[in-house]
>>> print(open('protein_15.txt').read())   # compact mmCIF, C-alpha atoms (C1' of nucleotides)
# COMPACT_ATOMS: atom_id res chain seq x y z
CA MET A 1 -9.57 -22.34 -12.52
CA SER A 2 -12.19 -21.71 -9.86
CA VAL A 3 -12.76 -18.17 -8.69
CA GLU A 4 -9.15 -17.59 -7.74
CA GLU A 5 -7.42 -20.40 -5.88
CA GLU A 6 -4.53 -22.66 -6.77
CA LEU A 7 -1.85 -20.47 -8.15
CA SER A 8 1.49 -21.91 -7.06
CA THR A 9 3.31 -19.91 -4.41
CA ARG A 10 6.02 -19.20 -6.96
CA GLU A 11 3.43 -17.65 -9.22
CA LYS A 12 1.94 -15.67 -6.38
CA ILE A 13 5.39 -14.30 -5.53
CA ILE A 14 5.85 -13.02 -9.05
CA LEU A 15 2.43 -11.42 -9.20
CA ALA A 16 2.66 -9.87 -5.75
CA GLY A 17 6.20 -8.66 -6.48
CA ALA A 18 5.18 -7.01 -9.73
CA GLN A 19 2.19 -5.43 -8.06
CA ILE A 20 4.37 -3.95 -5.33
CA ILE A 21 6.85 -2.49 -7.81
CA VAL A 22 4.08 -1.02 -9.93
CA GLU A 23 1.93 0.35 -7.12
CA GLU A 24 4.43 1.22 -4.45
CA GLY A 25 7.84 1.39 -6.07
CA LEU A 26 11.10 -0.48 -5.73
CA ARG A 27 11.66 0.70 -2.20
CA LYS A 28 8.79 -1.45 -0.96
CA PHE A 29 9.95 -4.47 -2.89
CA THR A 30 11.13 -6.50 0.12
CA ALA A 31 10.87 -10.15 1.03
CA LYS A 32 8.63 -9.29 3.96
CA ASN A 33 6.20 -7.20 1.92
CA ILE A 34 5.91 -9.83 -0.76
CA ALA A 35 5.44 -12.57 1.83
CA ASN A 36 2.80 -10.62 3.74
CA LYS A 37 0.89 -10.07 0.56
CA ILE A 38 0.59 -13.78 -0.15
CA GLY A 39 0.26 -14.95 3.44
CA VAL A 40 3.60 -16.66 4.14
CA THR A 41 6.76 -15.65 6.00
CA ASP A 42 9.67 -13.91 4.32
CA ALA A 43 11.89 -16.98 4.63
CA ALA A 44 9.42 -18.97 2.54
CA ILE A 45 10.25 -16.74 -0.42
CA TYR A 46 13.74 -18.25 -0.49
CA LYS A 47 12.35 -21.73 -0.98
CA HIS A 48 11.23 -20.59 -4.42
CA PHE A 49 13.85 -18.06 -5.45
CA PRO A 50 17.55 -17.87 -4.56
CA SER A 51 17.42 -14.08 -4.16
CA LEU A 52 15.16 -11.07 -4.55
CA ASP A 53 17.07 -10.12 -7.69
CA SER A 54 16.10 -13.39 -9.30
CA ILE A 55 12.45 -12.52 -8.72
CA ILE A 56 12.99 -9.22 -10.48
CA ILE A 57 14.66 -10.94 -13.42
CA GLU A 58 11.66 -13.22 -13.74
CA ILE A 59 9.22 -10.32 -13.49
CA ILE A 60 11.06 -8.29 -16.11
CA ASN A 61 11.37 -11.17 -18.52
CA ARG A 62 7.78 -12.17 -18.16
CA TYR A 63 6.23 -8.74 -18.63
CA ILE A 64 8.69 -7.59 -21.25
CA SER A 65 8.08 -10.58 -23.46
CA LYS A 66 4.35 -9.89 -23.51
CA CYS A 67 5.14 -6.43 -24.76
CA SER A 68 7.71 -7.56 -27.31
CA GLN A 69 5.18 -9.70 -29.02
CA SER A 70 2.73 -6.88 -29.47
CA VAL A 71 4.58 -5.37 -32.42
CA ASP A 72 4.96 -8.78 -34.03
CA ARG A 73 1.27 -9.48 -33.66
CA ALA A 74 0.39 -6.18 -35.31
CA VAL A 75 2.79 -6.79 -38.19
CA ALA A 76 1.47 -10.30 -38.65
CA MET A 77 -1.96 -8.94 -39.48
CA ASN A 78 -0.70 -7.63 -42.81
CA LEU A 79 -2.50 -4.32 -42.80
CA SER A 80 -1.64 -1.06 -44.48
CA THR A 81 1.22 0.83 -42.86
CA GLU A 82 -1.12 3.30 -41.19
CA GLU A 83 -3.36 0.53 -39.89
CA THR A 84 -0.34 -1.48 -38.74
CA LEU A 85 0.83 1.43 -36.64
CA LYS A 86 -2.61 1.92 -35.18
CA GLN A 87 -2.75 -1.76 -34.48
CA VAL A 88 0.61 -1.56 -32.68
CA MET A 89 -0.92 1.04 -30.39
CA ARG A 90 -4.01 -1.08 -29.83
CA GLU A 91 -1.92 -4.14 -29.00
CA HIS A 92 0.17 -2.02 -26.71
CA ILE A 93 -2.82 -0.68 -24.91
CA SER A 94 -4.19 -4.14 -24.48
CA VAL A 95 -0.92 -5.42 -22.98
CA LEU A 96 -0.97 -2.36 -20.74
CA GLU A 97 -4.42 -3.16 -19.41
CA GLU A 98 -3.57 -6.82 -19.00
CA THR A 99 -0.42 -6.08 -17.02
CA LYS A 100 -1.87 -3.09 -15.19
CA GLY A 101 0.77 -0.77 -16.57
CA ALA A 102 3.71 -2.84 -15.38
CA VAL A 103 6.01 -2.72 -18.41
CA PRO A 104 6.68 1.01 -18.62
CA ILE A 105 7.07 1.22 -14.89
CA LEU A 106 9.49 -1.69 -14.77
CA CYS A 107 11.48 -0.14 -17.59
CA PHE A 108 11.66 3.17 -15.85
CA GLU A 109 12.51 1.78 -12.43
CA PHE A 110 15.21 -0.58 -13.56
CA SER A 111 16.78 1.62 -16.17
CA ARG A 112 17.81 3.76 -13.20
CA SER A 113 18.46 1.08 -10.60
CA GLY A 114 22.14 0.78 -11.42
CA ASN A 115 21.87 -2.99 -11.74
CA LYS A 116 23.61 -3.91 -14.95
CA LYS A 117 21.81 -7.21 -15.38
CA PHE A 118 18.38 -5.57 -15.22
CA PHE A 119 19.45 -2.73 -17.45
CA ASP A 120 20.81 -5.06 -20.12
CA ILE A 121 17.58 -7.02 -20.38
CA LEU A 122 15.52 -3.85 -20.61
CA HIS A 123 17.88 -2.13 -22.97
CA SER A 124 17.88 -4.94 -25.48
CA PHE A 125 14.09 -5.05 -25.31
CA VAL A 126 13.77 -1.33 -25.95
CA ASP A 127 16.35 -1.56 -28.72
CA SER A 128 14.60 -4.29 -30.61
CA TYR A 129 11.22 -2.69 -30.08
CA LYS A 130 12.48 0.61 -31.37
CA SER A 131 14.09 -0.85 -34.45
CA LYS A 132 10.99 -2.82 -35.39
CA LEU A 133 8.75 0.19 -35.04
CA SER A 134 11.23 2.50 -36.75
CA LYS A 135 11.21 0.27 -39.80
CA ILE A 136 7.45 0.48 -40.05
CA LEU A 137 7.56 4.24 -39.67
CA GLU A 138 10.26 4.56 -42.33
CA LYS A 139 8.22 2.48 -44.70
CA GLY A 140 5.30 4.80 -44.00
CA GLN A 141 7.47 7.77 -44.85
CA GLN A 142 8.52 6.22 -48.15
CA GLU A 143 4.88 5.56 -48.96
CA GLY A 144 4.05 9.16 -48.11
CA VAL A 145 1.68 8.11 -45.31
CA ILE A 146 3.85 9.39 -42.47
CA ARG A 147 5.21 12.92 -42.31
CA LYS A 148 8.74 13.02 -43.63
CA ASP A 149 9.89 15.43 -40.93
CA VAL A 150 9.28 13.15 -37.97
CA ASN A 151 12.18 11.14 -36.62
CA PRO A 152 11.22 7.45 -36.81
CA SER A 153 13.31 6.38 -33.87
CA GLU A 154 12.10 9.22 -31.63
CA THR A 155 8.54 8.56 -32.62
CA ALA A 156 8.89 4.88 -31.82
CA MET A 157 9.89 5.81 -28.29
CA LEU A 158 6.95 8.16 -28.16
CA PHE A 159 4.64 5.18 -28.59
CA VAL A 160 5.89 3.53 -25.40
CA GLY A 161 6.36 6.76 -23.54
CA LEU A 162 2.86 7.99 -24.16
CA ILE A 163 1.49 4.83 -22.70
CA GLN A 164 3.64 5.20 -19.64
CA ALA A 165 2.29 8.71 -19.24
CA LYS A 166 -1.23 7.36 -19.29
CA VAL A 167 -0.34 5.15 -16.37
CA PHE A 168 0.87 8.23 -14.54
CA ALA A 169 -2.38 10.08 -15.21
CA TYR A 170 -4.28 7.02 -14.06
CA VAL A 171 -2.40 6.82 -10.80
CA MET A 172 -2.42 10.55 -10.13
CA GLU A 173 -6.17 10.77 -10.51
CA ARG A 174 -6.80 7.65 -8.47
CA ARG A 175 -8.93 6.22 -11.20
CA THR A 176 -10.16 2.68 -11.31
CA GLY A 177 -11.14 0.55 -14.27
CA PRO A 178 -9.26 0.66 -17.57
CA ILE A 179 -6.12 2.80 -17.73
CA ILE A 180 -6.94 4.12 -21.17
CA ALA A 181 -10.67 4.70 -21.28
CA ASN A 182 -10.78 5.64 -24.93
CA PRO A 183 -7.93 4.04 -26.90
CA GLU A 184 -9.13 5.28 -30.27
CA GLU A 185 -9.11 8.87 -29.04
CA LEU A 186 -5.48 8.57 -27.94
CA ILE A 187 -4.54 6.91 -31.21
CA SER A 188 -6.35 9.57 -33.18
CA GLU A 189 -4.62 12.40 -31.30
CA LEU A 190 -1.21 10.91 -31.90
CA PHE A 191 -1.93 10.29 -35.56
CA TYR A 192 -3.88 13.38 -36.58
CA GLY A 193 -2.96 15.92 -33.90
CA ILE A 194 -5.25 18.05 -31.82
CA ILE A 195 -5.74 20.86 -34.32
CA ALA A 196 -9.03 21.00 -36.22
CA ARG A 197 -8.74 20.65 -39.97
CA MET B 1 28.76 33.40 -8.35
CA SER B 2 32.19 32.14 -9.37
CA VAL B 3 32.40 28.97 -11.38
CA GLU B 4 30.49 26.90 -8.88
CA GLU B 5 31.44 27.32 -5.23
CA GLU B 6 29.53 28.60 -2.21
CA LEU B 7 26.20 26.94 -2.32
CA SER B 8 25.00 26.46 1.23
CA THR B 9 25.04 22.89 2.51
CA ARG B 10 21.26 23.02 2.71
CA GLU B 11 21.14 23.86 -0.96
CA LYS B 12 23.63 21.15 -1.79
CA ILE B 13 21.49 18.62 0.07
CA ILE B 14 18.45 19.51 -2.01
CA LEU B 15 20.33 19.38 -5.28
CA ALA B 16 22.12 16.14 -4.45
CA GLY B 17 18.90 14.59 -3.15
CA ALA B 18 16.98 15.48 -6.28
CA GLN B 19 19.80 14.18 -8.44
CA ILE B 20 19.80 10.87 -6.62
CA ILE B 21 16.05 10.42 -6.98
CA VAL B 22 16.16 11.33 -10.65
CA GLU B 23 19.20 9.29 -11.62
CA GLU B 24 19.07 6.36 -9.24
CA GLY B 25 15.56 6.19 -7.82
CA LEU B 26 14.02 6.53 -4.39
CA ARG B 27 15.72 3.41 -3.09
CA LYS B 28 19.07 5.17 -3.16
CA PHE B 29 17.72 8.27 -1.50
CA THR B 30 19.44 7.74 1.87
CA ALA B 31 21.13 10.10 4.28
CA LYS B 32 24.45 8.41 3.66
CA ASN B 33 24.23 8.67 -0.13
CA ILE B 34 23.27 12.31 -0.02
CA ALA B 35 26.02 13.06 2.49
CA ASN B 36 28.67 11.24 0.47
CA LYS B 37 27.70 13.19 -2.60
CA ILE B 38 28.31 16.52 -0.93
CA GLY B 39 31.26 15.48 1.21
CA VAL B 40 29.83 15.43 4.74
CA THR B 41 28.69 12.68 7.11
CA ASP B 42 25.10 11.48 7.23
CA ALA B 43 24.52 13.04 10.65
CA ALA B 44 25.31 16.48 9.21
CA ILE B 45 22.16 16.21 7.09
CA TYR B 46 20.08 16.44 10.25
CA LYS B 47 21.58 19.80 11.14
CA HIS B 48 19.73 21.18 8.13
CA PHE B 49 16.58 19.08 7.91
CA PRO B 50 14.57 17.36 10.66
CA SER B 51 14.04 14.25 8.54
CA LEU B 52 14.60 12.80 5.12
CA ASP B 53 10.92 13.30 4.34
CA SER B 54 11.28 17.01 4.87
CA ILE B 55 14.00 17.06 2.24
CA ILE B 56 11.64 15.38 -0.17
CA ILE B 57 8.88 17.88 0.59
CA GLU B 58 11.27 20.69 -0.18
CA ILE B 59 12.43 19.02 -3.40
CA ILE B 60 8.91 18.43 -4.61
CA ASN B 61 7.73 21.94 -3.77
CA ARG B 62 10.69 23.56 -5.34
CA TYR B 63 10.62 21.72 -8.64
CA ILE B 64 6.85 21.60 -8.88
CA SER B 65 6.47 25.32 -8.44
CA LYS B 66 8.81 26.00 -11.33
CA CYS B 67 6.56 23.85 -13.46
CA SER B 68 3.31 25.38 -12.21
CA GLN B 69 4.33 28.76 -13.40
CA SER B 70 4.92 27.62 -16.95
CA VAL B 71 1.23 27.77 -17.91
CA ASP B 72 0.83 31.18 -16.32
CA ARG B 73 3.81 32.53 -18.19
CA ALA B 74 2.38 31.29 -21.47
CA VAL B 75 -1.05 32.79 -20.78
CA ALA B 76 0.51 36.09 -19.77
CA MET B 77 1.92 36.50 -23.25
CA ASN B 78 -1.56 37.12 -24.66
CA LEU B 79 -1.22 35.14 -27.82
CA SER B 80 -3.86 33.42 -29.93
CA THR B 81 -5.24 30.23 -28.41
CA GLU B 82 -3.17 28.02 -30.70
CA GLU B 83 -0.01 30.00 -30.01
CA THR B 84 -0.75 30.01 -26.28
CA LEU B 85 -0.92 26.25 -26.27
CA LYS B 86 2.28 25.96 -28.24
CA GLN B 87 3.88 28.39 -25.85
CA VAL B 88 2.75 26.22 -22.91
CA MET B 89 4.69 23.36 -24.45
CA ARG B 90 7.74 25.54 -25.02
CA GLU B 91 7.68 26.80 -21.43
CA HIS B 92 7.27 23.26 -20.27
CA ILE B 93 10.19 22.03 -22.25
CA SER B 94 12.36 24.84 -21.00
CA VAL B 95 11.54 24.03 -17.36
CA LEU B 96 12.24 20.40 -18.17
CA GLU B 97 15.71 21.16 -19.48
CA GLU B 98 16.46 23.56 -16.67
CA THR B 99 15.57 20.97 -14.04
CA LYS B 100 17.15 18.07 -15.93
CA GLY B 101 13.87 16.21 -16.15
CA ALA B 102 13.26 16.22 -12.43
CA VAL B 103 9.57 17.07 -12.33
CA PRO B 104 8.21 14.15 -14.35
CA ILE B 105 10.47 11.74 -12.52
CA LEU B 106 9.55 13.09 -9.10
CA CYS B 107 5.90 12.83 -10.09
CA PHE B 108 6.46 9.28 -11.20
CA GLU B 109 8.23 8.28 -8.00
CA PHE B 110 5.95 9.98 -5.53
CA SER B 111 2.66 9.27 -7.19
CA ARG B 112 3.35 5.70 -6.15
CA SER B 113 5.21 6.14 -2.90
CA GLY B 114 2.16 5.69 -0.73
CA ASN B 115 3.09 8.77 1.29
CA LYS B 116 -0.06 10.84 1.53
CA LYS B 117 1.76 14.13 2.10
CA PHE B 118 3.83 13.72 -1.05
CA PHE B 119 0.88 12.55 -3.07
CA ASP B 120 -1.28 15.47 -1.97
CA ILE B 121 1.26 18.05 -3.09
CA LEU B 122 1.54 16.38 -6.47
CA HIS B 123 -2.16 15.87 -6.80
CA SER B 124 -3.02 19.49 -6.24
CA PHE B 125 -0.33 20.51 -8.69
CA VAL B 126 -1.64 18.19 -11.39
CA ASP B 127 -5.19 19.29 -10.66
CA SER B 128 -4.53 22.97 -11.03
CA TYR B 129 -2.36 22.43 -14.08
CA LYS B 130 -5.04 20.35 -15.70
CA SER B 131 -7.82 22.82 -15.05
CA LYS B 132 -5.83 25.76 -16.37
CA LEU B 133 -4.94 23.95 -19.54
CA SER B 134 -8.41 22.49 -19.97
CA LYS B 135 -9.87 25.98 -19.99
CA ILE B 136 -7.55 27.06 -22.77
CA LEU B 137 -8.37 23.95 -24.75
CA GLU B 138 -12.12 24.49 -24.31
CA LYS B 139 -11.77 28.03 -25.51
CA GLY B 140 -9.89 26.67 -28.51
CA GLN B 141 -12.74 24.26 -29.20
CA GLN B 142 -15.28 27.09 -29.09
CA GLU B 143 -13.17 29.06 -31.50
CA GLY B 144 -12.96 26.03 -33.77
CA VAL B 145 -9.18 25.87 -33.51
CA ILE B 146 -9.07 22.63 -31.53
CA ARG B 147 -10.78 19.44 -32.62
CA LYS B 148 -14.16 19.16 -30.96
CA ASP B 149 -13.83 15.42 -30.40
CA VAL B 150 -10.87 15.59 -28.04
CA ASN B 151 -11.46 15.57 -24.32
CA PRO B 152 -9.90 18.76 -22.89
CA SER B 153 -8.98 17.24 -19.58
CA GLU B 154 -7.45 14.13 -21.14
CA THR B 155 -5.63 16.25 -23.66
CA ALA B 156 -4.24 18.47 -20.91
CA MET B 157 -2.67 15.34 -19.46
CA LEU B 158 -1.36 14.52 -22.93
CA PHE B 159 0.74 17.68 -22.74
CA VAL B 160 2.43 16.34 -19.62
CA GLY B 161 2.41 12.83 -21.02
CA LEU B 162 4.33 13.70 -24.15
CA ILE B 163 7.02 15.29 -22.06
CA GLN B 164 7.14 12.34 -19.74
CA ALA B 165 7.51 10.13 -22.76
CA LYS B 166 10.56 12.08 -23.78
CA VAL B 167 12.10 11.79 -20.34
CA PHE B 168 11.37 8.10 -20.47
CA ALA B 169 13.30 7.75 -23.72
CA TYR B 170 16.11 9.91 -22.41
CA VAL B 171 16.53 7.83 -19.28
CA MET B 172 16.08 4.48 -20.98
CA GLU B 173 18.76 5.25 -23.50
CA ARG B 174 21.08 6.95 -21.05
CA ARG B 175 21.37 9.92 -23.29
CA THR B 176 23.18 13.09 -22.41
CA GLY B 177 22.59 16.65 -23.52
CA PRO B 178 19.12 18.11 -23.95
CA ILE B 179 16.18 15.83 -23.19
CA ILE B 180 14.18 17.15 -26.10
CA ALA B 181 16.57 17.70 -28.96
CA ASN B 182 13.98 19.25 -31.24
CA PRO B 183 11.15 20.97 -29.31
CA GLU B 184 9.36 22.30 -32.36
CA GLU B 185 9.19 18.82 -33.86
CA LEU B 186 7.49 17.50 -30.74
CA ILE B 187 5.10 20.44 -30.63
CA SER B 188 4.26 19.94 -34.26
CA GLU B 189 3.56 16.26 -33.70
CA LEU B 190 1.20 17.04 -30.86
CA PHE B 191 -0.64 19.68 -32.84
CA TYR B 192 -0.73 18.21 -36.32
CA GLY B 193 -0.17 14.50 -35.73
CA ILE B 194 2.32 12.20 -37.37
CA ILE B 195 0.20 11.50 -40.44
CA ALA B 196 1.05 13.32 -43.66
CA ARG B 197 -1.65 15.57 -45.05
C1' DC C 1 5.30 -48.56 6.73
C1' DT C 2 9.11 -45.95 6.06
C1' DT C 3 11.61 -42.65 3.67
C1' DT C 4 12.28 -38.63 1.15
C1' DA C 5 11.33 -34.23 -0.62
C1' DC C 6 8.86 -30.17 -0.40
C1' DA C 7 7.10 -26.08 1.60
C1' DG C 8 6.56 -24.01 5.23
C1' DT C 9 8.05 -22.30 10.09
C1' DT C 10 11.03 -19.75 13.86
C1' DA C 11 15.30 -17.78 15.13
C1' DG C 12 19.19 -15.47 14.10
C1' DC C 13 23.15 -12.88 11.60
C1' DA C 14 25.43 -9.17 9.50
C1' DA C 15 24.56 -5.01 7.02
C1' DT C 16 22.12 -0.96 6.40
C1' DT C 17 18.78 2.40 7.66
C1' DA C 18 16.82 6.80 10.01
C1' DT C 19 17.70 9.26 13.69
C1' DT C 20 19.75 11.04 18.13
C1' DA C 21 23.24 12.35 21.56
C1' DA C 22 27.46 14.00 22.95
C1' DC C 23 31.42 16.19 21.51
C1' DT C 24 34.55 19.55 18.66
C1' DT C 25 35.68 23.60 16.33
C1' DA C 26 35.59 27.87 14.16
C1' DA C 27 33.36 31.97 13.41
C1' DA C 28 30.04 35.65 14.92
C1' DA C 29 28.05 38.31 18.58
C1' DT C 30 28.47 40.33 22.89
C1' DA D 1 38.02 38.32 25.68
C1' DT D 2 34.38 35.57 26.25
C1' DT D 3 30.21 33.49 25.00
C1' DT D 4 27.13 31.67 21.81
C1' DT D 5 25.86 29.56 17.81
C1' DA D 6 26.26 26.92 13.59
C1' DA D 7 27.89 23.14 11.39
C1' DG D 8 30.39 19.61 11.50
C1' DT D 9 32.17 15.09 13.74
C1' DT D 10 31.98 10.20 16.03
C1' DA D 11 29.36 6.84 18.25
C1' DA D 12 25.29 4.77 19.45
C1' DT D 13 20.19 3.45 19.02
C1' DA D 14 16.47 0.63 17.30
C1' DA D 15 14.34 -1.03 13.27
C1' DT D 16 14.56 -3.17 8.99
C1' DT D 17 16.85 -5.50 5.38
C1' DG D 18 18.56 -9.83 2.62
C1' DC D 19 19.49 -14.16 3.60
C1' DT D 20 20.70 -18.70 6.14
C1' DA D 21 20.18 -22.54 9.31
C1' DA D 22 17.80 -25.67 11.82
C1' DC D 23 13.46 -27.44 12.60
C1' DT D 24 8.43 -29.32 11.51
C1' DG D 25 4.66 -31.29 9.25
C1' DT D 26 2.62 -33.43 5.30
C1' DA D 27 2.10 -35.94 1.26
C1' DA D 28 3.99 -38.69 -2.39
C1' DA D 29 7.40 -42.58 -3.63
C1' DG D 30 9.60 -46.61 -2.52
>>> encode(input="protein_15.txt", output="structure tokens")
Amino acid sequence: MSVEEELSTREKIILAGAQIIVEEGLRKFTAKNIANKIGVTDAAIYKHFPSLDSIIIEIINRYISKCSQSVDRAVAMNLSTEETLKQVMREHISVLEETKGAVPILCFEFSRSGNKKFFDILHSFVDSYKSKLSKILEKGQQEGVIRKDVNPSETAMLFVGLIQAKVFAYVMERRTGPIIANPEELISELFYGIIAR
Amino acid sequence: MSVEEELSTREKIILAGAQIIVEEGLRKFTAKNIANKIGVTDAAIYKHFPSLDSIIIEIINRYISKCSQSVDRAVAMNLSTEETLKQVMREHISVLEETKGAVPILCFEFSRSGNKKFFDILHSFVDSYKSKLSKILEKGQQEGVIRKDVNPSETAMLFVGLIQAKVFAYVMERRTGPIIANPEELISELFYGIIAR
DNA sequence: CTTTACAGTTAGCAATTATTAACTTAAAAT
DNA sequence: ATTTTAAGTTAATAATTGCTAACTGTAAAG
């Protein structure tokens, strides 16, 4: 509760591990690198986790669940369909800032890692996310708010994907501070396009 | 020229290496994995490249240069500003399909790899891409075709971002076939938004 | 006061990695 | 016909990896 101290080592492992995956990639996710980052030896890691994989499982579950809730929170606000969708984006962006872009990166890394356990967790997250968002989009289409010619399921994925792309831009330009400087601009572009009316 | 045979081993190394990075991630990019894929031993790799890093450099340069040219090709067609921008997206999508999504994934991997040489190549690519596209967008704003309240540089990155988002969905859902099933739908979403008019 | 459990250490193992060296072989160049 | 070269092999290297075992100190529980 003071400036920074007194996170348990277990907690530090998870945070350091996630940071390594996000900032340096899976290849640098090693017991030694994690241990160095928190000031212990690599063997100490195994006092808190049975394996490196189990750390990954914990990281995925923890970050993914933050993201899962974002759609539910937006829906719970009982807004118009258009505002609900905008709110989904806002919630998303706020999770993104909070987790420093971890979720899309974790998804992307582990969807290709060949580890079935990781993939299954991620896949079921993406599936449920997509179906929730698709339903909102379909409702919007019935109400005439959303263009009838957009594919709800594809567009749902576009919501997550766009955010991942923002992380890429952020990293590539070595920016600091918030990943998405102007959330409303991004939302507006996605919703109304870039063409003047 | 026949069905498939007679690529040089050097060429096979580059193709297999890129495929591994794209489909399985940097962690699996090892001499042994590449060698297995093309039916030689790991030591044979070093007859063609001095190091694994040099393979990566070649992969990045090769795929990135294909992508760099896409804006130039679109500009060379001398279309209206709006059509030029749409054509940029089309060119982009066609490079994407041709390279099986490699560029965005390579960018994703190497933007975080911590290797300065890799990062620099990518950075200068993104920089030049962004400035070319920004200029077109600014021209569009002066002509009143593009919304004045969008940031040209951010929007340039949105062009890449949308495509990355599609690759993200493609990978996450382990799809096969074209990455972007309906290019004109995506282009239309970017230009006119998802909201009905 | 002693015991126990926890959280760390050092040391080490077996596997894997990037890379090199020494050898083979077949084809091209002389 | 011989030499050279290219492109492969096997075998070895040093470093790094995930993980375990055996040890140490400290603080709470009895």
>>> closest_residue(input="protein_15.txt", among="B:Ser124, B:Gln142, B:Ser113, B:Thr84", to="chain A", atoms="only C-alpha atoms")
B:Ser113
>>> interface_residues(input="protein_15.txt", of="chain B", to="chain C", cutoff="10 Å", atoms="all atoms listed in the file", output="MDAnalysis selection string")
chainID B and resid 30:32 42:43 46 50:52
>>> residues_around(input="protein_15.txt", residues="Glu154 (chain A)", least_positions_apart="5", cutoff="10 Å", atoms="only C-alpha atoms (C1' of nucleotides)", output="list in words")
Lys130, Ser134 and Phe159 of chain A; Lys166, Ala169, Ile180, Ala181 and Leu186 of chain B
>>> write_last_selection(input="protein_15.txt", atoms="C-alpha atoms", output="PDB file, in the coordinates of the input")
ATOM      1  CA  LYS A 130      12.480   0.610 -31.370  1.00  0.00           C
ATOM      2  CA  SER A 134      11.230   2.500 -36.750  1.00  0.00           C
ATOM      3  CA  PHE A 159       4.640   5.180 -28.590  1.00  0.00           C
TER       4      PHE A 159
ATOM      5  CA  LYS B 166      10.560  12.080 -23.780  1.00  0.00           C
ATOM      6  CA  ALA B 169      13.300   7.750 -23.720  1.00  0.00           C
ATOM      7  CA  ILE B 180      14.180  17.150 -26.100  1.00  0.00           C
ATOM      8  CA  ALA B 181      16.570  17.700 -28.960  1.00  0.00           C
ATOM      9  CA  LEU B 186       7.490  17.500 -30.740  1.00  0.00           C
TER      10      LEU B 186
END
>>> atom_distance(input="protein_15.txt", atom1="CA of Lys148 (chain B)", atom2="CA of Ser70 (chain B)")
25.1 Å
>>> atom_distance(input="protein_15.txt", atom1="CA of Val150 (chain A)", atom2="CA of Phe108 (chain A)")
24.4 Å
>>> residues_around(input="protein_15.txt", residues="Val145 (chain B)", least_positions_apart="6", cutoff="7 Å", atoms="only C-alpha atoms (C1' of nucleotides)", output="PyMOL selection string")
(chain A and resi 195-196) or (chain B and resi 82)
>>> write_last_selection(input="protein_15.txt", atoms="C-alpha atoms", output="JSON list (two decimals), in the coordinates of the input")
[["chain", "number", "residue", "atom", "x", "y", "z"],
["A", 195, "ILE", "CA", -5.74, 20.86, -34.32],
["A", 196, "ALA", "CA", -9.03, 21.00, -36.22],
["B", 82, "GLU", "CA", -3.17, 28.02, -30.70]]
>>> atom_distance(input="protein_15.txt", atom1="CA of Thr9 (chain B)", atom2="C1' of DT4 (chain D)")
21.3 Å
>>> interface_residues(input="protein_15.txt", of="chain B", to="chain D", cutoff="12 Å", atoms="all atoms listed in the file", output="PDB file with C-alpha atoms, in the coordinates of the input")
ATOM      1  CA  SER B   8      25.000  26.460   1.230  1.00  0.00           C
ATOM      2  CA  THR B   9      25.040  22.890   2.510  1.00  0.00           C
ATOM      3  CA  ARG B  10      21.260  23.020   2.710  1.00  0.00           C
ATOM      4  CA  ALA B  35      26.020  13.060   2.490  1.00  0.00           C
ATOM      5  CA  GLY B  39      31.260  15.480   1.210  1.00  0.00           C
ATOM      6  CA  VAL B  40      29.830  15.430   4.740  1.00  0.00           C
ATOM      7  CA  THR B  41      28.690  12.680   7.110  1.00  0.00           C
ATOM      8  CA  ASP B  42      25.100  11.480   7.230  1.00  0.00           C
ATOM      9  CA  ALA B  43      24.520  13.040  10.650  1.00  0.00           C
ATOM     10  CA  ALA B  44      25.310  16.480   9.210  1.00  0.00           C
ATOM     11  CA  ILE B  45      22.160  16.210   7.090  1.00  0.00           C
ATOM     12  CA  TYR B  46      20.080  16.440  10.250  1.00  0.00           C
ATOM     13  CA  LYS B  47      21.580  19.800  11.140  1.00  0.00           C
ATOM     14  CA  HIS B  48      19.730  21.180   8.130  1.00  0.00           C
TER      15      HIS B  48
END
>>> closest_residue(input="protein_15.txt", among="A:Arg112, A:Lys37, A:Lys132, A:Arg174", to="chain B", atoms="all atoms listed in the file")
A:Arg112
>>> axis_aligned_box(input="protein_15.txt", around="region 3-22 of chain D", padding_each_side="8 Å", output="JSON")
{"center_x": 23.3, "center_y": 3.9, "center_z": 13.8, "size_x": 33.8, "size_y": 75.2, "size_z": 38.4}
>>> closest_residue(input="protein_15.txt", among="B:Leu7, B:Ala156, B:Ile146, B:Leu96", to="chain A", atoms="all atoms listed in the file")
B:Ile146
>>> interface_residues(input="protein_15.txt", of="chain B", to="chain A", cutoff="9 Å", atoms="only C-alpha atoms", output="ChimeraX atom specification")
/B:22-28,82,107-114,119,122-123,126-127,141,144-151,154-155,157-158,160-169,171-174,185-186,188-197
>>> residues_around(input="protein_15.txt", residues="Gln69 (chain A)", least_positions_apart="2", cutoff="12 Å", atoms="all atoms listed in the file", output="JSON, numbers by chain")
{"A": [62, 63, 64, 65, 66, 67, 71, 72, 73, 74, 75, 76, 88, 91, 92, 94, 95, 125, 128, 129, 132]}
